[in-house]
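K.L.:
The following file, work-v9.cif, comprises mmCIF, C-alpha atoms:
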```cif
data_upload
#
loop_
_atom_site.group_PDB
_atom_site.id
_atom_site.type_symbol
_atom_site.label_atom_id
_atom_site.label_comp_id
_atom_site.auth_asym_id
_atom_site.auth_seq_id
_atom_site.Cartn_x
_atom_site.Cartn_y
_atom_site.Cartn_z
ATOM 1 C CA MET A 1 13.056 -12.891 2.193
ATOM 2 C CA ALA A 2 13.265 -16.659 2.344
ATOM 3 C CA ASP A 3 9.956 -17.428 4.038
ATOM 4 C CA PRO A 4 7.348 -14.947 2.825
ATOM 5 C CA ILE A 5 4.585 -16.237 5.118
ATOM 6 C CA GLY A 6 6.835 -16.136 8.177
ATOM 7 C CA ALA A 7 8.078 -12.692 7.197
ATOM 8 C CA GLU A 8 4.520 -11.496 6.834
ATOM 9 C CA GLN A 9 3.636 -12.814 10.291
ATOM 10 C CA VAL A 10 6.624 -11.003 11.770
ATOM 11 C CA ASP A 11 5.465 -7.786 10.064
ATOM 12 C CA HIS A 12 1.945 -8.195 11.413
ATOM 13 C CA ALA A 13 3.222 -8.861 14.925
ATOM 14 C CA LEU A 14 5.404 -5.752 14.755
ATOM 15 C CA VAL A 15 2.493 -3.654 13.471
ATOM 16 C CA ALA A 16 0.386 -4.967 16.350
ATOM 17 C CA ARG A 17 3.084 -3.993 18.852
ATOM 18 C CA VAL A 18 3.230 -0.473 17.476
ATOM 19 C CA LEU A 19 -0.542 -0.080 17.565
ATOM 20 C CA LEU A 20 -1.070 -1.574 20.999
ATOM 21 C CA THR A 21 1.902 -0.257 22.910
ATOM 22 C CA ASP A 22 3.089 2.641 20.756
ATOM 23 C CA ASP A 23 6.428 0.843 20.493
ATOM 24 C CA ARG A 24 8.878 2.885 18.423
ATOM 25 C CA ARG A 25 11.429 0.076 18.451
ATOM 26 C CA ALA A 26 8.926 -2.197 16.724
ATOM 27 C CA PHE A 27 8.399 0.448 14.070
ATOM 28 C CA GLU A 28 12.158 0.806 13.704
ATOM 29 C CA GLN A 29 12.371 -2.932 13.091
ATOM 30 C CA LEU A 30 9.639 -2.695 10.471
ATOM 31 C CA MET A 31 11.555 0.099 8.839
ATOM 32 C CA ARG A 32 14.831 -1.821 8.883
ATOM 33 C CA ARG A 33 13.103 -4.763 7.213
ATOM 34 C CA HIS A 34 11.616 -2.702 4.394
ATOM 35 C CA GLN A 35 13.622 0.486 3.886
ATOM 36 C CA GLY A 36 16.001 -1.151 1.408
ATOM 37 C CA MET A 37 13.330 -2.147 -1.086
ATOM 38 C CA VAL A 38 11.226 0.992 -0.645
ATOM 39 C CA ARG A 39 14.287 3.155 -1.311
ATOM 40 C CA ALA A 40 15.228 0.967 -4.282
ATOM 41 C CA GLN A 41 11.688 1.362 -5.660
ATOM 42 C CA LEU A 42 11.860 5.153 -5.311
ATOM 43 C CA ARG A 43 15.362 5.366 -6.792
ATOM 44 C CA ARG A 44 14.131 3.490 -9.833
ATOM 45 C CA LEU A 45 11.034 5.662 -10.122
ATOM 46 C CA LEU A 46 13.221 8.761 -9.913
ATOM 47 C CA HIS A 47 15.765 7.400 -12.422
ATOM 48 C CA GLY A 48 18.535 7.116 -9.857
ATOM 49 C CA ASP A 49 18.104 10.444 -8.058
ATOM 50 C CA GLU A 50 19.221 9.128 -4.665
ATOM 51 C CA ALA A 51 18.730 12.300 -2.628
ATOM 52 C CA ARG A 52 15.181 12.867 -3.794
ATOM 53 C CA ALA A 53 14.402 9.167 -3.421
ATOM 54 C CA ASP A 54 15.605 9.217 0.189
ATOM 55 C CA ASP A 55 13.532 12.320 0.939
ATOM 56 C CA LEU A 56 10.458 10.571 -0.409
ATOM 57 C CA ALA A 57 11.347 7.374 1.467
ATOM 58 C CA GLN A 58 11.499 9.391 4.669
ATOM 59 C CA GLU A 59 8.112 10.909 3.880
ATOM 60 C CA THR A 60 6.789 7.405 3.152
ATOM 61 C CA PHE A 61 7.806 6.059 6.561
ATOM 62 C CA LEU A 62 6.523 9.131 8.406
ATOM 63 C CA LEU A 63 3.171 8.668 6.656
ATOM 64 C CA ALA A 64 3.216 4.950 7.452
ATOM 65 C CA TRP A 65 3.807 5.800 11.130
ATOM 66 C CA ARG A 66 0.896 8.226 11.176
ATOM 67 C CA LYS A 67 -1.489 6.012 9.223
ATOM 68 C CA LEU A 68 -0.508 2.652 10.671
ATOM 69 C CA ASP A 69 -3.953 2.183 12.206
ATOM 70 C CA GLN A 70 -5.336 2.234 8.653
ATOM 71 C CA PHE A 71 -3.291 -0.860 7.741
ATOM 72 C CA ARG A 72 -5.916 -3.584 7.715
ATOM 73 C CA GLY A 73 -3.669 -6.536 7.000
ATOM 74 C CA GLU A 74 -5.407 -7.295 3.698
ATOM 75 C CA ALA A 75 -2.237 -6.707 1.694
ATOM 76 C CA ARG A 76 1.319 -7.567 2.684
ATOM 77 C CA PHE A 77 2.914 -4.824 4.770
ATOM 78 C CA ALA A 78 5.597 -4.395 2.092
ATOM 79 C CA THR A 79 2.922 -3.914 -0.568
ATOM 80 C CA TRP A 80 1.168 -1.334 1.626
ATOM 81 C CA LEU A 81 4.462 0.562 1.950
ATOM 82 C CA TYR A 82 5.098 0.416 -1.810
ATOM 83 C CA ARG A 83 1.656 1.928 -2.321
ATOM 84 C CA ILE A 84 2.384 4.819 0.052
ATOM 85 C CA ALA A 85 5.796 5.325 -1.569
ATOM 86 C CA TYR A 86 4.260 5.360 -5.041
ATOM 87 C CA SER A 87 1.607 7.896 -4.041
ATOM 88 C CA CYS A 88 4.344 10.082 -2.452
ATOM 89 C CA PHE A 89 6.226 9.824 -5.751
ATOM 90 C CA LEU A 90 3.132 10.817 -7.756
ATOM 91 C CA GLN A 91 2.450 13.727 -5.431
ATOM 92 C CA ALA A 92 6.043 14.933 -5.682
ATOM 93 C CA ARG A 93 5.930 14.626 -9.463
ATOM 94 C CA ARG A 94 2.715 16.636 -9.598
ATOM 95 C CA LYS A 95 4.160 19.303 -7.300
ATOM 96 C CA GLY A 96 7.647 19.239 -8.788
ATOM 97 C CA SER A 97 8.751 21.630 -11.481
ATOM 98 C CA SER A 98 9.537 20.507 -15.006
ATOM 99 C CA ALA A 99 13.168 21.249 -14.194
ATOM 100 C CA ALA A 100 13.103 18.524 -11.580
ATOM 101 C CA GLU A 101 11.704 16.075 -14.125
ATOM 102 C CA ASP A 102 14.311 17.041 -16.683
ATOM 103 C CA MET A 103 16.942 16.390 -14.070
ATOM 104 C CA ALA A 104 15.431 12.990 -13.374
ATOM 105 C CA ASP A 105 15.456 12.154 -17.070
ATOM 106 C CA ASP A 106 19.110 13.082 -17.353
ATOM 107 C CA ALA A 107 20.114 11.213 -14.243
ATOM 108 C CA PRO A 108 20.848 7.758 -15.738
ATOM 109 C CA ASP A 109 23.318 9.140 -18.234
ATOM 110 C CA GLN A 110 25.264 10.923 -15.515
ATOM 111 C CA ARG A 111 25.871 7.834 -13.430
ATOM 112 C CA THR A 112 26.599 5.258 -16.080
ATOM 113 C CA SER A 113 30.313 4.672 -16.129
ATOM 114 C CA PRO A 114 31.503 3.100 -12.872
ATOM 115 C CA ARG A 115 28.544 0.957 -11.856
ATOM 116 C CA ASP A 116 26.943 0.222 -15.176
ATOM 117 C CA ALA A 117 30.067 -0.584 -17.099
ATOM 118 C CA VAL A 118 28.804 -3.896 -18.456
ATOM 119 C CA GLU A 119 27.436 -3.518 -21.947
ATOM 120 C CA LEU A 120 24.441 -5.739 -21.362
ATOM 121 C CA ARG A 121 23.382 -3.708 -18.391
ATOM 122 C CA LEU A 122 23.581 -0.529 -20.389
ATOM 123 C CA ASP A 123 21.579 -2.024 -23.205
ATOM 124 C CA VAL A 124 18.836 -3.179 -20.841
ATOM 125 C CA GLU A 125 18.821 0.273 -19.265
ATOM 126 C CA ARG A 126 18.557 1.937 -22.679
ATOM 127 C CA ALA A 127 15.843 -0.456 -23.784
ATOM 128 C CA MET A 128 13.891 0.226 -20.595
ATOM 129 C CA ARG A 129 14.098 3.944 -21.262
ATOM 130 C CA ARG A 130 12.524 3.434 -24.661
ATOM 131 C CA LEU A 131 9.358 2.084 -23.038
ATOM 132 C CA SER A 132 6.558 4.390 -22.001
ATOM 133 C CA ALA A 133 6.714 5.720 -18.420
ATOM 134 C CA THR A 134 3.777 3.513 -17.369
ATOM 135 C CA GLU A 135 5.313 0.391 -18.906
ATOM 136 C CA GLN A 136 8.571 1.088 -17.060
ATOM 137 C CA ILE A 137 6.719 1.579 -13.778
ATOM 138 C CA VAL A 138 4.640 -1.574 -14.208
ATOM 139 C CA LEU A 139 7.679 -3.708 -15.135
ATOM 140 C CA LEU A 140 9.594 -2.301 -12.158
ATOM 141 C CA HIS A 141 6.886 -3.499 -9.797
ATOM 142 C CA VAL A 142 5.973 -6.777 -11.480
ATOM 143 C CA VAL A 143 9.386 -8.080 -12.531
ATOM 144 C CA GLN A 144 12.025 -6.239 -10.536
ATOM 145 C CA LEU A 145 10.238 -5.851 -7.194
ATOM 146 C CA GLY A 146 8.608 -9.252 -7.701
ATOM 147 C CA LEU A 147 5.002 -8.253 -6.988
ATOM 148 C CA SER A 148 2.103 -10.256 -8.357
ATOM 149 C CA HIS A 149 -0.164 -8.566 -10.904
ATOM 150 C CA ASP A 150 -2.784 -8.120 -8.181
ATOM 151 C CA GLU A 151 -0.285 -6.517 -5.832
ATOM 152 C CA ALA A 152 1.023 -4.223 -8.565
ATOM 153 C CA ALA A 153 -2.553 -3.181 -9.361
ATOM 154 C CA TYR A 154 -3.040 -2.361 -5.656
ATOM 155 C CA VAL A 155 0.218 -0.376 -5.414
ATOM 156 C CA LEU A 156 -0.274 1.552 -8.648
ATOM 157 C CA GLU A 157 -4.034 1.948 -8.180
ATOM 158 C CA MET A 158 -4.650 0.600 -11.667
ATOM 159 C CA PRO A 159 -7.156 -1.984 -12.880
ATOM 160 C CA LEU A 160 -5.691 -5.496 -13.008
ATOM 161 C CA GLY A 161 -6.267 -5.728 -16.762
ATOM 162 C CA THR A 162 -4.312 -2.513 -17.352
ATOM 163 C CA VAL A 163 -1.369 -3.840 -15.330
ATOM 164 C CA LYS A 164 -1.372 -7.063 -17.335
ATOM 165 C CA SER A 165 -1.590 -5.297 -20.678
ATOM 166 C CA HIS A 166 1.217 -2.876 -19.790
ATOM 167 C CA THR A 167 3.358 -5.815 -18.653
ATOM 168 C CA ASN A 168 2.787 -7.699 -21.904
ATOM 169 C CA ARG A 169 3.301 -4.654 -24.089
ATOM 170 C CA GLY A 170 6.472 -3.663 -22.244
ATOM 171 C CA LYS A 171 7.900 -7.150 -22.451
ATOM 172 C CA THR A 172 7.104 -7.448 -26.145
ATOM 173 C CA LYS A 173 8.950 -4.199 -26.835
ATOM 174 C CA LEU A 174 11.916 -5.246 -24.687
ATOM 175 C CA ARG A 175 12.054 -8.649 -26.376
ATOM 176 C CA ALA A 176 12.366 -6.905 -29.739
ATOM 177 C CA LEU A 177 14.918 -4.392 -28.483
ATOM 178 C CA LEU A 178 17.060 -6.994 -26.727
ATOM 179 C CA ALA A 179 16.667 -9.822 -29.236
ATOM 180 C CA ASP A 180 20.428 -10.188 -29.875
ATOM 181 C CA TRP A 181 21.269 -10.238 -26.191
ATOM 182 C CA GLN A 182 18.709 -12.887 -25.417
ATOM 183 C CA VAL A 183 20.335 -15.404 -27.784
ATOM 184 C CA THR A 184 23.789 -14.764 -26.296
ATOM 185 C CA PHE A 185 22.432 -14.809 -22.743
ATOM 186 C CA ARG A 186 20.593 -18.108 -23.294
ATOM 187 C CA LYS A 187 23.693 -19.758 -24.672
ATOM 188 C CA GLU A 188 25.852 -18.502 -21.810
ATOM 189 C CA HIS A 189 23.425 -19.530 -19.099
ATOM 190 C CA GLY A 190 22.227 -22.735 -20.767
ATOM 191 C CA LEU A 191 18.577 -21.597 -20.752
ATOM 192 C CA MET B 1 9.850 -21.114 -26.604
ATOM 193 C CA ASN B 2 7.882 -18.021 -25.668
ATOM 194 C CA ASP B 3 8.082 -18.888 -21.953
ATOM 195 C CA GLU B 4 11.808 -19.443 -22.354
ATOM 196 C CA MET B 5 12.223 -15.988 -23.884
ATOM 197 C CA GLU B 6 10.149 -14.501 -21.111
ATOM 198 C CA ASP B 7 12.372 -16.199 -18.521
ATOM 199 C CA VAL B 8 15.469 -14.721 -20.130
ATOM 200 C CA LEU B 9 13.888 -11.282 -20.199
ATOM 201 C CA ASP B 10 12.877 -11.548 -16.544
ATOM 202 C CA VAL B 11 16.391 -12.610 -15.581
ATOM 203 C CA LEU B 12 17.876 -9.716 -17.553
ATOM 204 C CA LEU B 13 15.546 -7.230 -15.901
ATOM 205 C CA ARG B 14 16.163 -8.598 -12.414
ATOM 206 C CA GLN B 15 19.915 -8.515 -12.952
ATOM 207 C CA GLN B 16 19.626 -4.898 -13.968
ATOM 208 C CA PHE B 17 17.806 -4.022 -10.730
ATOM 209 C CA GLU B 18 20.233 -2.935 -8.022
ATOM 210 C CA GLY B 19 18.259 -4.568 -5.193
ATOM 211 C CA PRO B 20 17.705 -3.262 -1.650
ATOM 212 C CA VAL B 21 19.597 -0.153 -0.598
ATOM 213 C CA ALA B 22 21.880 -0.349 2.454
ATOM 214 C CA ASP B 23 20.551 1.454 5.538
ATOM 215 C CA GLU B 24 23.516 3.799 6.154
ATOM 216 C CA GLY B 25 21.800 5.721 8.948
ATOM 217 C CA PHE B 26 18.479 6.104 7.148
ATOM 218 C CA CYS B 27 16.346 4.424 9.843
ATOM 219 C CA ALA B 28 18.020 6.341 12.661
ATOM 220 C CA SER B 29 17.284 9.647 10.944
ATOM 221 C CA VAL B 30 13.618 8.748 10.412
ATOM 222 C CA ILE B 31 13.169 7.476 13.980
ATOM 223 C CA ASP B 32 14.435 10.840 15.271
ATOM 224 C CA ARG B 33 11.705 12.617 13.322
ATOM 225 C CA LEU B 34 8.765 10.437 14.304
ATOM 226 C CA PRO B 35 6.061 12.557 15.920
ATOM 227 C CA ALA B 36 4.082 11.338 18.932
ATOM 228 C CA ARG B 37 1.246 9.069 17.870
ATOM 229 C CA ARG B 38 -2.193 10.537 18.351
ATOM 230 C CA LEU B 39 -4.683 8.179 19.890
ATOM 231 C CA ARG B 40 -7.991 8.144 18.108
ATOM 232 C CA ASN B 41 -10.644 10.013 20.124
ATOM 233 C CA LYS B 42 -13.746 8.023 20.897
ATOM 234 C CA TRP B 43 -15.818 10.933 22.187
ATOM 235 C CA PRO B 44 -17.172 12.063 18.761
ATOM 236 C CA MET B 45 -18.785 8.656 18.229
ATOM 237 C CA VAL B 46 -20.251 8.552 21.773
ATOM 238 C CA ALA B 47 -21.517 12.135 21.409
ATOM 239 C CA GLY B 48 -23.046 11.265 18.023
ATOM 240 C CA ILE B 49 -24.891 8.259 19.457
ATOM 241 C CA ILE B 50 -26.235 10.293 22.395
ATOM 242 C CA ALA B 51 -27.318 13.161 20.088
ATOM 243 C CA GLY B 52 -29.028 10.702 17.698
ATOM 244 C CA VAL B 53 -30.928 8.934 20.475
ATOM 245 C CA ALA B 54 -31.979 12.266 22.041
ATOM 246 C CA THR B 55 -33.189 13.668 18.696
ATOM 247 C CA CYS B 56 -35.120 10.503 17.975
ATOM 248 C CA TRP B 57 -36.677 10.573 21.448
ATOM 249 C CA PHE B 58 -37.752 14.240 21.164
ATOM 250 C CA SER B 59 -39.240 13.825 17.683
ATOM 251 C CA LEU B 60 -41.187 10.724 18.730
ATOM 252 C CA TRP B 61 -42.333 12.214 22.017
ATOM 253 C CA SER B 62 -44.641 14.670 20.254
ATOM 254 C CA ALA B 63 -46.117 12.001 17.919
ATOM 255 C CA PRO B 64 -49.407 10.622 19.336
ATOM 256 C CA VAL B 65 -48.927 7.189 17.701
ATOM 257 C CA ALA B 66 -45.584 6.653 19.428
ATOM 258 C CA HIS B 67 -46.989 7.941 22.691
ATOM 259 C CA ALA B 68 -50.032 5.666 22.522
ATOM 260 C CA GLY B 69 -47.878 2.739 21.437
ATOM 261 C CA TRP B 70 -45.515 3.274 24.364
ATOM 262 C CA GLN B 71 -48.434 3.448 26.836
ATOM 263 C CA ASP B 72 -49.999 0.274 25.381
ATOM 264 C CA TRP B 73 -46.662 -1.495 25.461
ATOM 265 C CA LEU B 74 -46.130 -0.610 29.126
ATOM 266 C CA SER B 75 -49.602 -1.842 30.017
ATOM 267 C CA GLY B 76 -49.001 -5.063 28.032
ATOM 268 C CA GLU B 77 -51.722 -4.354 25.469
ATOM 269 C CA PRO B 78 -50.802 -5.511 21.934
ATOM 270 C CA SER B 79 -52.489 -2.621 20.092
ATOM 271 C CA ALA B 80 -51.606 -1.665 16.473
ATOM 272 C CA SER B 81 -49.469 1.280 17.624
ATOM 273 C CA ALA B 82 -47.616 -0.885 20.200
ATOM 274 C CA VAL B 83 -46.891 -3.500 17.515
ATOM 275 C CA ALA B 84 -45.729 -0.761 15.088
ATOM 276 C CA LEU B 85 -43.419 0.644 17.764
ATOM 277 C CA PHE B 86 -42.094 -2.843 18.516
ATOM 278 C CA ILE B 87 -41.430 -3.551 14.812
ATOM 279 C CA ALA B 88 -39.686 -0.204 14.356
ATOM 280 C CA MET B 89 -37.433 -0.767 17.382
ATOM 281 C CA THR B 90 -36.645 -4.367 16.395
ATOM 282 C CA SER B 91 -35.744 -3.319 12.822
ATOM 283 C CA MET B 92 -33.461 -0.573 14.106
ATOM 284 C CA ALA B 93 -31.777 -2.990 16.517
ATOM 285 C CA ILE B 94 -31.217 -5.536 13.692
ATOM 286 C CA LEU B 95 -29.791 -2.839 11.418
ATOM 287 C CA ALA B 96 -27.448 -1.655 14.173
ATOM 288 C CA LEU B 97 -26.332 -5.248 14.813
ATOM 289 C CA ALA B 98 -25.650 -5.868 11.102
ATOM 290 C CA TRP B 99 -23.673 -2.627 10.882
ATOM 291 C CA ALA B 100 -21.649 -3.512 13.996
ATOM 292 C CA ILE B 101 -20.833 -7.000 12.618
ATOM 293 C CA ALA B 102 -19.793 -5.546 9.239
ATOM 294 C CA GLU B 103 -17.567 -2.967 10.944
ATOM 295 C CA ALA B 104 -15.975 -5.601 13.195
ATOM 296 C CA ASP B 105 -15.146 -7.804 10.183
ATOM 297 C CA ASP B 106 -13.659 -4.891 8.326
ATOM 298 C CA ARG B 107 -11.510 -3.739 11.196
ATOM 299 C CA TYR B 108 -7.909 -4.883 11.631
ATOM 300 C CA ASP B 109 -7.503 -6.162 15.153
ATOM 301 C CA PRO B 110 -3.859 -6.059 16.203
ATOM 302 C CA LYS B 111 -4.539 -8.295 19.217
ATOM 303 C CA ARG B 112 -5.302 -11.192 16.856
ATOM 304 C CA MET B 113 -1.753 -11.031 15.523
ATOM 305 C CA ILE B 114 -0.023 -11.485 18.896
ATOM 306 C CA ARG B 115 0.616 -15.059 19.834
#
```
What does the file become when written as structure tokens?
P.N.:
Amino acid sequence: MADPIGAEQVDHALVARVLLTDDRRAFEQLMRRHQGMVRAQLRRLLHGDEARADDLAQETFLLAWRKLDQFRGEARFATWLYRIAYSCFLQARRKGSSAAEDMADDAPDQRTSPRDAVELRLDVERAMRRLSATEQIVLLHVVQLGLSHDEAAYVLEMPLGTVKSHTNRGKTKLRALLADWQVTFRKEHGL
Amino acid sequence: MNDEMEDVLDVLLRQQFEGPVADEGFCASVIDRLPARRLRNKWPMVAGIIAGVATCWFSLWSAPVAHAGWQDWLSGEPSASAVALFIAMTSMAILALAWAIAEADDRYDPKRMIR
């Protein structure tokens, strides 16, 4: 979103409309503004399992609807949603069988060819998979979803220091794994 | 140099992220499943306050100090028991005020967001 402060004000106004007048249309607008990123977050967490990600996204928004009066406006609305989505993911993972996890681990390999044809993309994907699960999750939130370290700590319910150390460790590993690509990429993009 | 490498890594990671997912009927399906919102009941809090005040009143009613203090207070006599009663009531009122202010600060008021 181009103007984060303006976007945040719009979110707050919509939340207020839902709470004061029980306006479902306002909630629908909130959902339209955020569903894309919440679903993208869950797809990444579930290694591309779109159906399961959408089920959890649905659960996330139903929970957000029920617990909207608990939103205190301290965090951005998007960050609050990411937190609910992440706790839904954790709950599902705890409940889910090991078969479901195995399926999630296999998922990236099954959907490589058409979309991820570019070699670089595949290498980044492979390198990401060589990180620990926590490092992957932290980098997803900090780099790919663009959250600050504080926001990521709030979403993942981790101490700030842990988020920072996982970010640094993950990046150091990726830097080593993608060293060749970084030289090529810098030359191509004049960085 | 290190910052530069970090920039490249960030760009690579962001490029690898697919970005927001298209709606494709997702919102409509969730909206259909939204349950009716339950309004928060206020009666438990009111009942709690009434029960607390009544219990306090009954327990103090049998205490001779409170009784004497109340009588002295009504007759305008500043006896030790009247002063003790006054201090106790003032302290409780201050505590209640502090609690109410802390709660009000902590609470998200949607009306503040509407301009």
K.L.:
Check what the PyMOL selection byres ((chain A) within 7 of (chain B)) selects in the file above and give those residues as a ChimeraX atom specification.
P.N.:
/A:12-13,16,19,28,31-32,36-37,39-40,58,62,66,72-73,121,143-144,175,182,186
K.L.:
Counting all atoms listed in the file, what is within 10 Å of Arg33 in chain A, bar same-chain residues fewer than 6 positions away, as a PyMOL selection string?
P.N.:
(chain A and resi 1+7+11+27+78) or (chain B and resi 23)
K.L.:
From the options A:Glu59, A:Glu157, A:Glu135, A:Glu151, which residue's atoms come nearest to Arg169 in chain A, counting only C-alpha atoms?
P.N.:
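Of all the options, A:Glu135 lies closest to Arg169 in chain A.
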K.L.:
Find the residues near range 68-76 of chain B: any atom within 12 Å, counting all atoms listed in the file, skip ones fewer than 3 places away on the same chain, and give them as a VMD selection string.
P.N.:
chain B and resid 57 60 to 65 79 to 89
K.L.:
Run through the PyMOL selection byres ((chain A and resi 137) around 12) on the given coordinates and return the selected residues as a PyMOL selection string.
P.N.:
chain A and resi 41-47+86+89-90+128-129+131-136+138-145+152-153+155-156+158+163+166-167+170
K.L.:
So how many Å separate CA of Leu14 in chain A and CA of Ala26 in chain A, to one decimal?
P.N.:
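CA of Ala26 in chain A lies at a distance of 5.4 Å from CA of Leu14 in chain A.
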K.L.:
CA of Ser165 in chain A to CA of Ile84 in chain A: how many Å, to one decimal?
P.N.:
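Separating CA of Ser165 in chain A from CA of Ile84 in chain A is a distance of 23.4 Å.
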K.L.:
First collect every listed atom of range 38-49 of chain A; then fit an axis-aligned box around them, widen it by 6 Å on each side, and give centre and edge lengths in Å to one decimal, as AutoDock Vina command-line options.
P.N.:
```
--center_x 14.8 --center_y 5.7 --center_z -6.5 --size_x 19.5 --size_y 21.5 --size_z 23.8
```
K.L.:
Which value, in Å to one decimal, gives the distance between CA of Gly6 in chain A and CA of Phe77 in chain A?
P.N.:
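CA of Phe77 in chain A lies 12.4 Å from CA of Gly6 in chain A.
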